[in-house]
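**Student:** Just model_33.csv, nothing more (CSV, C-alpha atoms and all ligand atoms):
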chain,number,residue,atom,x,y,z
A,1,MET,CA,2.7,-23.9,25.5
A,2,SER,CA,4.4,-23.8,22.1
A,3,SER,CA,6.7,-21.1,21.0
A,4,GLY,CA,7.6,-19.5,17.7
A,5,VAL,CA,6.2,-17.0,15.3
A,6,LEU,CA,4.4,-18.0,12.1
A,7,LEU,CA,4.7,-15.7,9.1
A,8,ILE,CA,2.1,-16.2,6.3
A,9,CYS,CA,3.8,-15.0,3.1
A,10,GLY,CA,4.3,-15.9,-0.6
A,11,ALA,CA,3.2,-15.1,-4.1
A,12,GLU,CA,-0.5,-16.0,-3.4
A,13,ILE,CA,-1.0,-13.0,-1.1
A,14,ALA,CA,1.6,-10.8,-2.7
A,15,ARG,CA,-0.6,-10.6,-5.7
A,16,TYR,CA,-3.3,-8.8,-3.8
A,17,GLY,CA,-3.3,-5.2,-4.8
A,18,PHE,CA,-3.9,-2.8,-7.7
A,19,GLY,CA,-1.7,-1.6,-10.5
A,20,GLY,CA,-1.6,1.7,-12.4
A,21,GLY,CA,-0.2,3.9,-9.7
A,22,HIS,CA,-2.6,2.8,-7.1
A,23,PRO,CA,-1.2,3.2,-3.6
A,24,PHE,CA,-2.0,-0.4,-2.6
A,25,GLY,CA,0.4,-1.8,-5.3
A,26,PRO,CA,1.4,-5.5,-5.4
A,27,ASP,CA,5.0,-4.5,-4.4
A,28,ARG,CA,4.2,-4.0,-0.7
A,29,HIS,CA,4.7,-7.7,0.2
A,30,GLU,CA,8.2,-7.6,-1.3
A,31,ALA,CA,9.1,-4.3,0.5
A,32,PHE,CA,8.3,-6.1,3.8
A,33,MET,CA,10.1,-9.3,2.9
A,34,ARG,CA,13.3,-7.5,1.9
A,35,GLU,CA,13.5,-5.7,5.2
A,36,LEU,CA,12.7,-8.9,7.1
A,37,HIS,CA,15.7,-10.5,5.4
A,38,ALA,CA,17.9,-7.5,5.9
A,39,ARG,CA,17.2,-7.8,9.7
A,40,GLY,CA,17.9,-11.5,9.7
A,41,LEU,CA,14.4,-12.2,10.9
A,42,ASP,CA,13.3,-14.4,8.0
A,43,GLY,CA,15.4,-17.2,9.4
A,44,ARG,CA,13.8,-16.8,12.9
A,45,VAL,CA,10.2,-17.2,11.9
A,46,ARG,CA,8.3,-20.2,10.6
A,47,CYS,CA,7.0,-19.5,7.1
A,48,GLY,CA,3.7,-20.7,5.9
A,49,ALA,CA,1.8,-20.2,2.7
A,50,ALA,CA,-1.7,-19.0,2.4
A,51,ARG,CA,-4.6,-21.0,0.9
A,52,ALA,CA,-7.7,-19.9,-0.8
A,53,ALA,CA,-10.6,-19.4,1.7
A,54,THR,CA,-13.5,-21.7,0.9
A,55,ARG,CA,-16.9,-20.4,-0.2
A,56,GLU,CA,-18.3,-21.5,3.2
A,57,GLU,CA,-15.6,-19.5,5.0
A,58,LEU,CA,-16.3,-16.4,3.0
A,59,GLU,CA,-20.0,-16.8,3.6
A,60,SER,CA,-19.4,-16.8,7.4
A,61,PHE,CA,-18.9,-13.0,7.0
A,62,HIS,CA,-20.0,-12.0,3.5
A,63,THR,CA,-23.3,-12.3,1.8
A,64,ALA,CA,-23.6,-14.9,-1.0
A,65,GLU,CA,-24.8,-12.1,-3.4
A,66,TYR,CA,-21.7,-10.0,-2.7
A,67,ILE,CA,-19.3,-13.0,-3.2
A,68,ASP,CA,-20.9,-13.7,-6.5
A,69,GLN,CA,-20.6,-10.1,-7.5
A,70,VAL,CA,-16.9,-10.0,-6.8
A,71,ARG,CA,-16.4,-13.2,-8.8
A,72,GLU,CA,-18.4,-11.8,-11.8
A,73,ARG,CA,-16.7,-8.3,-11.8
A,74,SER,CA,-13.3,-9.9,-11.4
A,75,ALA,CA,-13.9,-12.1,-14.4
A,76,GLY,CA,-15.0,-9.1,-16.4
A,77,GLY,CA,-12.1,-7.1,-15.2
A,78,HIS,CA,-13.2,-3.6,-15.9
A,79,ALA,CA,-15.3,-2.1,-13.1
A,80,TYR,CA,-14.7,-0.7,-9.7
A,81,LEU,CA,-16.1,-2.7,-6.8
A,82,ASP,CA,-16.8,0.5,-4.9
A,83,GLY,CA,-16.9,4.2,-5.6
A,84,GLY,CA,-13.4,4.4,-7.2
A,85,ASP,CA,-10.9,3.0,-4.7
A,86,THR,CA,-11.1,-0.7,-5.4
A,87,PRO,CA,-10.7,-1.6,-9.1
A,88,ALA,CA,-11.6,-5.2,-10.3
A,89,TRP,CA,-9.1,-7.1,-12.3
A,90,ARG,CA,-8.9,-10.7,-13.6
A,91,GLY,CA,-7.7,-12.8,-10.7
A,92,LEU,CA,-8.8,-10.4,-8.0
A,93,PHE,CA,-11.4,-12.8,-6.6
A,94,GLU,CA,-8.7,-15.5,-6.2
A,95,ALA,CA,-6.1,-13.1,-4.7
A,96,ALA,CA,-8.7,-11.8,-2.2
A,97,SER,CA,-9.7,-15.3,-1.3
A,98,TYR,CA,-6.0,-16.2,-0.5
A,99,VAL,CA,-5.7,-13.2,1.8
A,100,VAL,CA,-8.7,-14.5,3.8
A,101,GLY,CA,-7.3,-18.1,3.7
A,102,GLY,CA,-3.9,-16.8,4.9
A,103,THR,CA,-5.4,-15.0,7.9
A,104,LEU,CA,-7.4,-18.2,8.7
A,105,ASN,CA,-4.2,-20.3,8.5
A,106,ALA,CA,-2.6,-17.9,11.0
A,107,VAL,CA,-5.6,-18.1,13.3
A,108,ASP,CA,-5.8,-21.9,13.0
A,109,ALA,CA,-2.1,-22.4,13.8
A,110,VAL,CA,-2.5,-20.3,16.9
A,111,MET,CA,-5.6,-22.1,18.0
A,112,GLU,CA,-4.0,-25.5,17.4
A,113,GLY,CA,-1.1,-24.5,19.6
A,114,GLU,CA,1.5,-24.6,16.9
A,115,VAL,CA,2.6,-21.0,17.7
A,116,ARG,CA,1.4,-18.3,19.9
A,117,ARG,CA,1.8,-15.4,17.5
A,118,ALA,CA,1.4,-15.2,13.7
A,119,PHE,CA,1.7,-12.3,11.2
A,120,ILE,CA,0.3,-11.8,7.7
A,121,PRO,CA,1.6,-8.7,5.9
A,122,ILE,CA,-1.1,-8.5,3.3
A,123,GLY,CA,-4.1,-8.8,5.5
A,124,GLY,CA,-6.2,-6.6,7.7
A,125,LEU,CA,-8.6,-5.5,5.0
A,126,HIS,CA,-10.8,-3.8,7.5
A,127,HIS,CA,-13.1,-1.7,5.3
A,128,ALA,CA,-14.9,-4.4,3.4
A,129,ALA,CA,-18.5,-4.8,4.6
A,130,ARG,CA,-20.6,-8.0,4.7
A,131,ASP,CA,-22.1,-7.0,1.4
A,132,GLN,CA,-19.7,-4.4,-0.1
A,133,ALA,CA,-16.1,-3.7,-1.1
A,134,ALA,CA,-14.6,-0.5,0.2
A,135,GLY,CA,-11.3,1.4,0.4
A,136,PHE,CA,-9.0,-1.2,-1.3
A,137,CYS,CA,-10.6,-4.1,0.7
A,138,VAL,CA,-12.5,-6.8,-1.2
A,139,PHE,CA,-13.0,-9.6,1.4
A,140,ASN,CA,-12.6,-8.7,5.1
A,141,ASP,CA,-10.1,-11.3,6.4
A,142,CYS,CA,-10.5,-9.9,9.9
A,143,GLY,CA,-14.2,-10.3,9.9
A,144,VAL,CA,-14.0,-13.9,8.5
A,145,ALA,CA,-11.4,-14.7,11.2
A,146,ILE,CA,-13.7,-13.4,14.0
A,147,GLU,CA,-16.6,-15.5,12.6
A,148,MET,CA,-14.5,-18.6,12.2
A,149,LEU,CA,-12.9,-18.3,15.7
A,150,ARG,CA,-16.4,-18.7,16.9
A,151,ARG,CA,-17.8,-21.4,14.5
A,152,ARG,CA,-14.7,-23.5,14.2
A,153,HIS,CA,-12.9,-22.9,17.4
A,154,GLY,CA,-15.8,-22.2,19.8
A,155,LEU,CA,-14.4,-18.9,21.2
A,156,ARG,CA,-16.8,-16.3,22.5
A,157,ARG,CA,-14.9,-13.2,23.4
A,158,ILE,CA,-12.5,-11.9,20.7
A,159,ALA,CA,-10.6,-8.6,20.7
A,160,TYR,CA,-10.0,-6.6,17.5
A,161,VAL,CA,-7.3,-3.9,17.9
A,162,ASP,CA,-6.7,-1.5,15.0
A,163,ILE,CA,-3.9,1.2,14.8
A,164,ASP,CA,-4.3,1.8,11.0
A,165,ALA,CA,-4.8,5.5,10.3
A,166,HIS,CA,-8.2,4.8,8.8
A,167,HIS,CA,-11.2,3.7,10.9
A,168,GLY,CA,-11.9,0.0,10.7
A,169,ASP,CA,-15.5,0.6,9.7
A,170,GLY,CA,-16.0,-2.8,8.1
A,171,ILE,CA,-15.4,-4.5,11.4
A,172,PHE,CA,-16.9,-1.9,13.6
A,173,TYR,CA,-20.4,-1.9,11.9
A,174,ALA,CA,-20.5,-5.6,11.3
A,175,PHE,CA,-20.1,-6.3,15.0
A,176,GLU,CA,-21.6,-3.0,16.4
A,177,ASP,CA,-24.3,-4.8,18.3
A,178,ASP,CA,-22.1,-7.7,19.5
A,179,PRO,CA,-20.8,-7.2,23.1
A,180,ASP,CA,-18.4,-10.2,22.7
A,181,VAL,CA,-16.4,-8.6,20.0
A,182,LEU,CA,-14.1,-6.2,21.9
A,183,TYR,CA,-13.2,-3.3,19.6
A,184,ALA,CA,-10.4,-0.8,20.1
A,185,ASP,CA,-9.4,1.5,17.3
A,186,LEU,CA,-7.0,4.4,17.1
A,187,HIS,CA,-7.4,6.4,13.9
A,188,ALA,CA,-7.3,9.9,12.4
A,189,ASP,CA,-10.5,11.8,13.2
A,190,GLY,CA,-13.1,11.1,10.6
A,191,ARG,CA,-13.6,14.8,10.0
A,192,PHE,CA,-10.3,14.8,8.3
A,193,LEU,CA,-9.8,11.3,6.8
A,194,TYR,CA,-11.6,8.5,5.0
A,195,PRO,CA,-13.9,6.8,5.8
A,196,GLY,CA,-15.2,9.6,8.0
A,197,THR,CA,-16.5,7.3,10.8
A,198,GLY,CA,-15.3,6.2,14.2
A,199,ALA,CA,-16.2,9.1,16.5
A,200,ALA,CA,-15.6,8.6,20.2
A,201,HIS,CA,-19.4,8.5,20.8
A,202,GLU,CA,-19.7,5.4,18.6
A,203,THR,CA,-19.5,2.9,21.4
A,204,GLY,CA,-21.8,0.1,20.0
A,205,ILE,CA,-25.6,-0.3,19.8
A,206,GLY,CA,-28.2,-2.5,21.3
A,207,ALA,CA,-26.8,-5.1,23.6
A,208,ALA,CA,-23.3,-3.8,22.9
A,209,ARG,CA,-24.1,-0.2,23.7
A,210,GLY,CA,-21.1,1.4,25.6
A,211,THR,CA,-18.8,-1.6,24.9
A,212,LYS,CA,-16.6,-0.4,22.0
A,213,LEU,CA,-13.6,1.9,22.0
A,214,ASN,CA,-13.2,4.3,19.1
A,215,LEU,CA,-10.3,6.7,19.8
A,216,PRO,CA,-10.1,9.4,17.0
A,217,LEU,CA,-6.9,11.4,17.0
A,218,PRO,CA,-6.0,14.8,15.6
A,219,PRO,CA,-4.8,14.5,12.0
A,220,ASP,CA,-1.2,15.2,13.0
A,221,ALA,CA,-1.1,13.1,16.2
A,222,ASP,CA,2.4,11.9,17.2
A,223,ASP,CA,3.8,9.2,19.5
A,224,SER,CA,2.8,11.0,22.7
A,225,ASP,CA,-0.8,11.2,21.5
A,226,PHE,CA,-0.5,7.5,20.5
A,227,LEU,CA,0.8,6.5,23.9
A,228,ALA,CA,-1.9,8.4,25.8
A,229,SER,CA,-4.7,6.7,23.8
A,230,TRP,CA,-2.9,3.3,24.0
A,231,GLU,CA,-3.1,3.3,27.8
A,232,ARG,CA,-6.9,3.2,27.3
A,233,VAL,CA,-6.6,0.3,24.9
A,234,GLU,CA,-4.7,-1.7,27.5
A,235,ALA,CA,-7.1,-1.0,30.3
A,236,TYR,CA,-10.0,-1.9,28.0
A,237,LEU,CA,-8.5,-5.2,27.0
A,238,ARG,CA,-7.5,-6.2,30.6
A,239,ALA,CA,-11.0,-5.5,31.7
A,240,GLY,CA,-12.6,-7.3,28.7
A,241,GLN,CA,-10.5,-10.5,29.0
A,242,PRO,CA,-10.6,-11.6,25.4
A,243,GLN,CA,-9.8,-15.2,24.4
A,244,PHE,CA,-7.9,-14.1,21.3
A,245,ILE,CA,-6.4,-10.8,20.0
A,246,LEU,CA,-6.5,-9.8,16.4
A,247,PHE,CA,-4.2,-6.8,15.7
A,248,GLN,CA,-4.5,-4.7,12.5
A,249,CYS,CA,-1.2,-2.8,12.5
A,250,GLY,CA,-1.6,-0.5,9.5
A,251,ALA,CA,1.6,1.4,8.8
A,252,ASP,CA,-0.2,4.4,7.3
A,253,SER,CA,-0.3,5.9,10.8
A,254,VAL,CA,3.5,6.4,10.6
A,255,ALA,CA,4.9,9.9,9.7
A,256,GLY,CA,5.4,10.3,5.9
A,257,ASP,CA,2.5,8.2,4.6
A,258,PRO,CA,1.2,9.6,1.3
A,259,LEU,CA,-2.4,9.1,2.3
A,260,THR,CA,-2.6,10.3,5.9
A,261,SER,CA,-1.0,12.9,8.1
A,262,LEU,CA,-0.7,11.0,11.4
A,263,ARG,CA,2.9,11.2,12.7
A,264,PHE,CA,3.5,8.1,14.7
A,265,SER,CA,7.0,6.5,14.6
A,266,VAL,CA,7.4,2.8,13.9
A,267,ARG,CA,8.1,2.4,17.6
A,268,ALA,CA,4.3,2.8,18.2
A,269,HIS,CA,3.7,-0.4,16.2
A,270,ALA,CA,6.4,-2.4,18.0
A,271,HIS,CA,5.1,-1.1,21.4
A,272,ALA,CA,1.5,-2.0,20.6
A,273,ALA,CA,2.6,-5.5,19.5
A,274,ALA,CA,4.7,-6.1,22.6
A,275,ARG,CA,2.0,-4.9,24.9
A,276,LEU,CA,-0.7,-7.1,23.2
A,277,CYS,CA,1.6,-10.1,23.6
A,278,ALA,CA,2.0,-9.3,27.3
A,279,ILE,CA,-1.7,-8.9,27.7
A,280,ALA,CA,-2.5,-12.1,25.9
A,281,ASP,CA,0.1,-14.0,28.0
A,282,GLY,CA,-1.4,-12.5,31.1
A,283,LEU,CA,-4.7,-13.9,30.2
A,284,GLY,CA,-3.1,-17.3,30.0
A,285,HIS,CA,-3.4,-18.1,26.3
A,286,GLY,CA,-0.9,-15.8,24.5
A,287,ARG,CA,-2.9,-15.8,21.3
A,288,VAL,CA,-2.1,-12.8,19.0
A,289,VAL,CA,-2.4,-12.6,15.2
A,290,GLY,CA,-1.1,-9.5,13.5
A,291,MET,CA,-2.4,-8.3,10.1
A,292,GLY,CA,-0.5,-5.7,8.1
A,293,GLY,CA,-3.3,-3.5,7.0
A,294,GLY,CA,-2.6,-0.1,5.3
A,295,GLY,CA,0.8,1.6,4.8
A,296,TYR,CA,1.7,3.2,1.5
A,297,ASN,CA,5.2,4.5,2.2
A,298,ARG,CA,7.2,1.4,1.5
A,299,ARG,CA,10.0,2.2,4.0
A,300,ASN,CA,7.4,2.8,6.7
A,301,LEU,CA,5.6,-0.4,6.2
A,302,ALA,CA,8.8,-2.4,6.0
A,303,GLU,CA,10.1,-0.9,9.3
A,304,ALA,CA,6.7,-1.0,11.1
A,305,TRP,CA,5.8,-4.5,10.2
A,306,THR,CA,9.3,-6.0,10.8
A,307,GLY,CA,9.1,-4.2,14.2
A,308,VAL,CA,5.9,-6.0,14.9
A,309,VAL,CA,7.5,-9.4,14.0
A,310,GLN,CA,10.5,-8.5,16.1
A,311,ALA,CA,8.3,-7.7,19.1
A,312,PHE,CA,6.5,-11.1,18.6
A,313,LEU,CA,9.9,-12.9,18.6
A,314,ASP,CA,11.1,-10.9,21.6
A,315,SER,CA,8.0,-11.8,23.5
A,316,GLU,CA,8.8,-15.6,23.3
B,1,LIG,C1,-5.0,7.0,-5.3
B,1,LIG,O1,-5.6,4.8,-8.1
B,1,LIG,O2,-10.8,9.0,0.0
B,1,LIG,C2,-3.9,7.8,-5.9
B,1,LIG,C3,-5.5,7.4,-4.1
B,1,LIG,C4,-3.5,7.5,-7.2
B,1,LIG,C5,-3.7,6.3,-9.3
B,1,LIG,C6,-4.7,6.7,-10.3
B,1,LIG,C7,-5.6,7.9,-10.0
B,1,LIG,C8,-7.1,7.5,-10.1
B,1,LIG,C9,-7.1,5.7,-4.3
B,1,LIG,C10,-6.5,6.7,-3.5
B,1,LIG,C11,-7.9,8.3,-9.3
B,1,LIG,C12,-8.5,7.5,-8.1
B,1,LIG,C13,-9.3,8.4,-7.1
B,1,LIG,N1,-4.1,6.5,-7.9
B,1,LIG,C14,-10.0,7.5,-6.1
B,1,LIG,C15,-13.2,9.4,-1.8
B,1,LIG,C16,-12.3,8.8,-2.8
B,1,LIG,C17,-13.0,8.3,-4.1
B,1,LIG,C18,-12.0,7.5,-4.9
B,1,LIG,O3,-5.4,1.6,4.7
B,1,LIG,N2,-10.9,8.3,-5.3
B,1,LIG,C19,-12.4,8.2,-1.6
B,1,LIG,C20,-9.5,5.1,0.7
B,1,LIG,C21,-9.6,6.6,0.3
B,1,LIG,C22,-11.3,8.1,-0.6
B,1,LIG,C23,-8.4,4.8,1.7
B,1,LIG,C24,-7.4,2.9,3.0
B,1,LIG,C25,-7.3,1.4,3.2
B,1,LIG,C26,-6.7,1.0,4.6
B,1,LIG,C27,-6.6,-0.5,4.7
B,1,LIG,C28,-8.4,3.3,1.9
B,1,LIG,N3,-10.7,6.8,-0.5
B,1,LIG,C29,-11.1,9.6,-3.2
B,1,LIG,C30,-10.2,8.7,-4.1
B,1,LIG,C31,-5.1,5.7,-7.4
B,1,LIG,C32,-5.6,6.0,-6.1
B,1,LIG,C33,-6.7,5.4,-5.5
B,1,LIG,C34,-7.0,7.0,-2.2
B,1,LIG,N4,-8.2,6.5,-1.8
B,1,LIG,C35,-6.5,7.7,-1.2
B,1,LIG,N5,-7.3,7.7,-0.1
B,1,LIG,C36,-8.4,6.9,-0.5
B,1,LIG,O4,-7.4,1.5,5.7
B,1,LIG,C37,-5.9,-1.3,3.7
B,2,ZN,ZN,-5.3,2.7,6.3
Could you render the structure from this file as structure tokens?
Ligand code: ZL4
Ligand code: ZN

**Tutor:**
Amino acid sequence: MSSGVLLICGAEIARYGFGGGHPFGPDRHEAFMRELHARGLDGRVRCGAARAATREELESFHTAEYIDQVRERSAGGHAYLDGGDTPAWRGLFEAASYVVGGTLNAVDAVMEGEVRRAFIPIGGLHHAARDQAAGFCVFNDCGVAIEMLRRRHGLRRIAYVDIDAHHGDGIFYAFEDDPDVLYADLHADGRFLYPGTGAAHETGIGAARGTKLNLPLPPDADDSDFLASWERVEAYLRAGQPQFILFQCGADSVAGDPLTSLRFSVRAHAHAAARLCAIADGLGHGRVVGMGGGGYNRRNLAEAWTGVVQAFLDSE
């Protein structure tokens, strides 16, 4: 089995974001890259650029009508794609397509055996629905990755693990009735934080009823709360035996984020990454792709995400 960690980075995905004081500014990529360099990790990972996802790839998750709408509103430049969180700008369609293509490059490299782990900082756009933008997320790279792991790589059981402070509603509802998408999500209780969903009783519907793990936390949950819930994630994954693990490691669950009040330390993110690698190795394939997700305190995102990359390297 091959070793090494692939990092998807560069100007193409760094551009994704919003100006004018928006929390998801285009400076987040650089905040991460500077810390990676400061820790000497940039020389220890393989770097790869993103590419634009194709129309066909986008359509594996999103509706054709929605993709057209994003293209039209991006060209026009002056409307929100949702209720006020996700402004359109010229070039947004392309930037959002690169994020998806970057996550697909990460997934493809892992599936082709070039590396066992890969990380993309500006990815994990988990709120976008099949037919709608939401919460800073235009195209759902995690959702496209799940669909392509099936269509292109022939996998059946895929795990999606999410420790962003916000519930991963775009993934949860898109695969709510699919028992082969394992879903484990730690987030601030929806009574206190956007998007308001992800109650513990939401365990899937239809054939997937009782198969998903939503673990809402009190709004000020700390590392001990994290660790207690994380034990359940590990048991869930070991029992579910996924063929691939997608990890949305949003840094907005770390204490000091301007949008949320969760109080994890960055050790939570490193711990989760290390444990997911151990679980994936235990299943015999080692396949883990990390996606940065949220995180609006630049120090926090830099430390949390470099901690994830370090854990990926240490697991080799
Ligand atoms: C902003 O553009 O709760 C703060 C905060 C400042 C600068 C200009 C002010 C313009 C979004 C948020 C006013 C914009 C007000 N500025 C937007 C109910 C809301 C309706 C829209 O980490 N207004 C909606 C979404 C959350 C709401 C969180 C997390 C993504 C992820 C994965 C998404 N939406 C209230 C806000 C801006 C700002 C724009 C803001 N939005 C804070 N919290 C939200 O899970 C990447
Ligand atoms: Zn978030």

**Student:** Under the rule that all atoms listed in the file are counted, which of A:Phe139, A:Phe244, A:Tyr296, A:Phe18 is the nearest residue to Val161 in chain A?

**Tutor:** A:Phe244

**Student:** Around ligand ZN 2 (chain B), out to 7 Å and counting only C-alpha atoms and all ligand atoms, which residues are there? I want them as a list of chain:residue names.

**Tutor:**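 Counting only C-alpha atoms and all ligand atoms, the residues within 7 Å of ligand ZN 2 (chain B) come out as A:Asp164, A:Ala165, A:His166, A:Gly250, A:Asp252, A:Gly293, A:Gly294, A:Gly295.
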
**Student:** Which residue is closest to ligand LIG 1 (chain B)? Choose from A:Gly292, A:Gly135, A:Gly17, A:Pro121 and count all atoms listed in the file.

**Tutor:**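 Nearest candidate to ligand LIG 1 (chain B) out of A:Gly292, A:Gly135, A:Gly17, A:Pro121: A:Gly135.
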
**Student:** How far is it from CA of Tyr16 in chain A to atom C20 of ligand LIG 1 (chain B), in Å with one decimal?

**Tutor:** 15.9 Å

**Student:** Between CA of Tyr194 in chain A and atom O4 of ligand LIG 1 (chain B), measure the distance and give it in Å to one decimal.

**Tutor:**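 We find that CA of Tyr194 in chain A and atom O4 of ligand LIG 1 (chain B) lie 8.2 Å from each other.
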
**Student:** Which residues sit within 10 Å of ligand LIG 1 (chain B), counting all atoms listed in the file, listed as a VMD selection string?

**Tutor:** chain A and resid 17 to 25 80 82 to 87 122 to 128 134 to 138 162 to 170 187 193 to 196 248 to 253 258 to 260 292 to 296

**Student:** From the set A:Cys47, A:Ala228, A:Ala38, A:Cys9, which residue has the shortest atom-to-atom contact distance to Thr306 in chain A, counting only C-alpha atoms?

**Tutor:**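 Between A:Cys47, A:Ala228, A:Ala38, A:Cys9, the residue approaching Thr306 in chain A most closely is A:Ala38.
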
**Student:** Which is closer to Ile171 in chain A than all the others in A:Ala235, A:Ala79, A:Ile279, A:Ile146, using all atoms listed in the file?

**Tutor:**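 Of A:Ala235, A:Ala79, A:Ile279, A:Ile146, the one nearest Ile171 in chain A, counting all atoms listed in the file, is A:Ile146.
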
**Student:** One number please: CA of Gly102 in chain A to CA of Asp185 in chain A, in Å, one decimal.

**Tutor:**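 According to the coordinates, CA of Gly102 in chain A and CA of Asp185 in chain A are separated by 22.8 Å.
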
**Student:** Closest to Thr211 in chain A among A:Ala188, A:Ala64, A:Leu237, A:Ala255, using all atoms listed in the file?

**Tutor:**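 Of all the options, A:Leu237 lies closest to Thr211 in chain A.
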
**Student:** Show which residues sit within 7 Å of Val5 in chain A, as a list of chain:residue names. Count all atoms listed in the file, and ignore same-chain residues fewer than 3 positions away.

**Tutor:**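 Listed by chain and then number, they are A:Val45, A:Arg46, A:Val115, A:Arg116, A:Arg117, A:Ala118, A:Phe312, A:Leu313.
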
**Student:** Using C-alpha atoms, can you export the residues from the last selection as a PDB file, in the coordinates of the input?

**Tutor:**
ATOM      1  CA  VAL A  45      10.200 -17.200  11.900  1.00  0.00           C
ATOM      2  CA  ARG A  46       8.300 -20.200  10.600  1.00  0.00           C
ATOM      3  CA  VAL A 115       2.600 -21.000  17.700  1.00  0.00           C
ATOM      4  CA  ARG A 116       1.400 -18.300  19.900  1.00  0.00           C
ATOM      5  CA  ARG A 117       1.800 -15.400  17.500  1.00  0.00           C
ATOM      6  CA  ALA A 118       1.400 -15.200  13.700  1.00  0.00           C
ATOM      7  CA  PHE A 312       6.500 -11.100  18.600  1.00  0.00           C
ATOM      8  CA  LEU A 313       9.900 -12.900  18.600  1.00  0.00           C
TER       9      LEU A 313
END

**Student:** When you look at Ala159 in chain A with a cut-off of 7 Å (counting all atoms listed in the file), what residues show up, excluding the ones that are within fewer than 3 positions of it in the same chain? I need them as a list in words.

**Tutor:**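 My reading of the contact set: Val181, Leu182, Tyr183, Pro242, Phe244, Ile245 and Leu246 of chain A.
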
**Student:** Nearest to Thr197 in chain A: which of A:Tyr173, A:Asp108, A:Ser229, A:Arg15 is it, counting only C-alpha atoms?

**Tutor:** A:Tyr173

**Student:** Up to 10 Å from (2.9, -3.9, 17.6) in the file's coordinates: name the residues, counting only C-alpha atoms, as a VMD selection string.

**Tutor:** chain A and resid 163 247 to 250 266 to 277 290 304 to 312
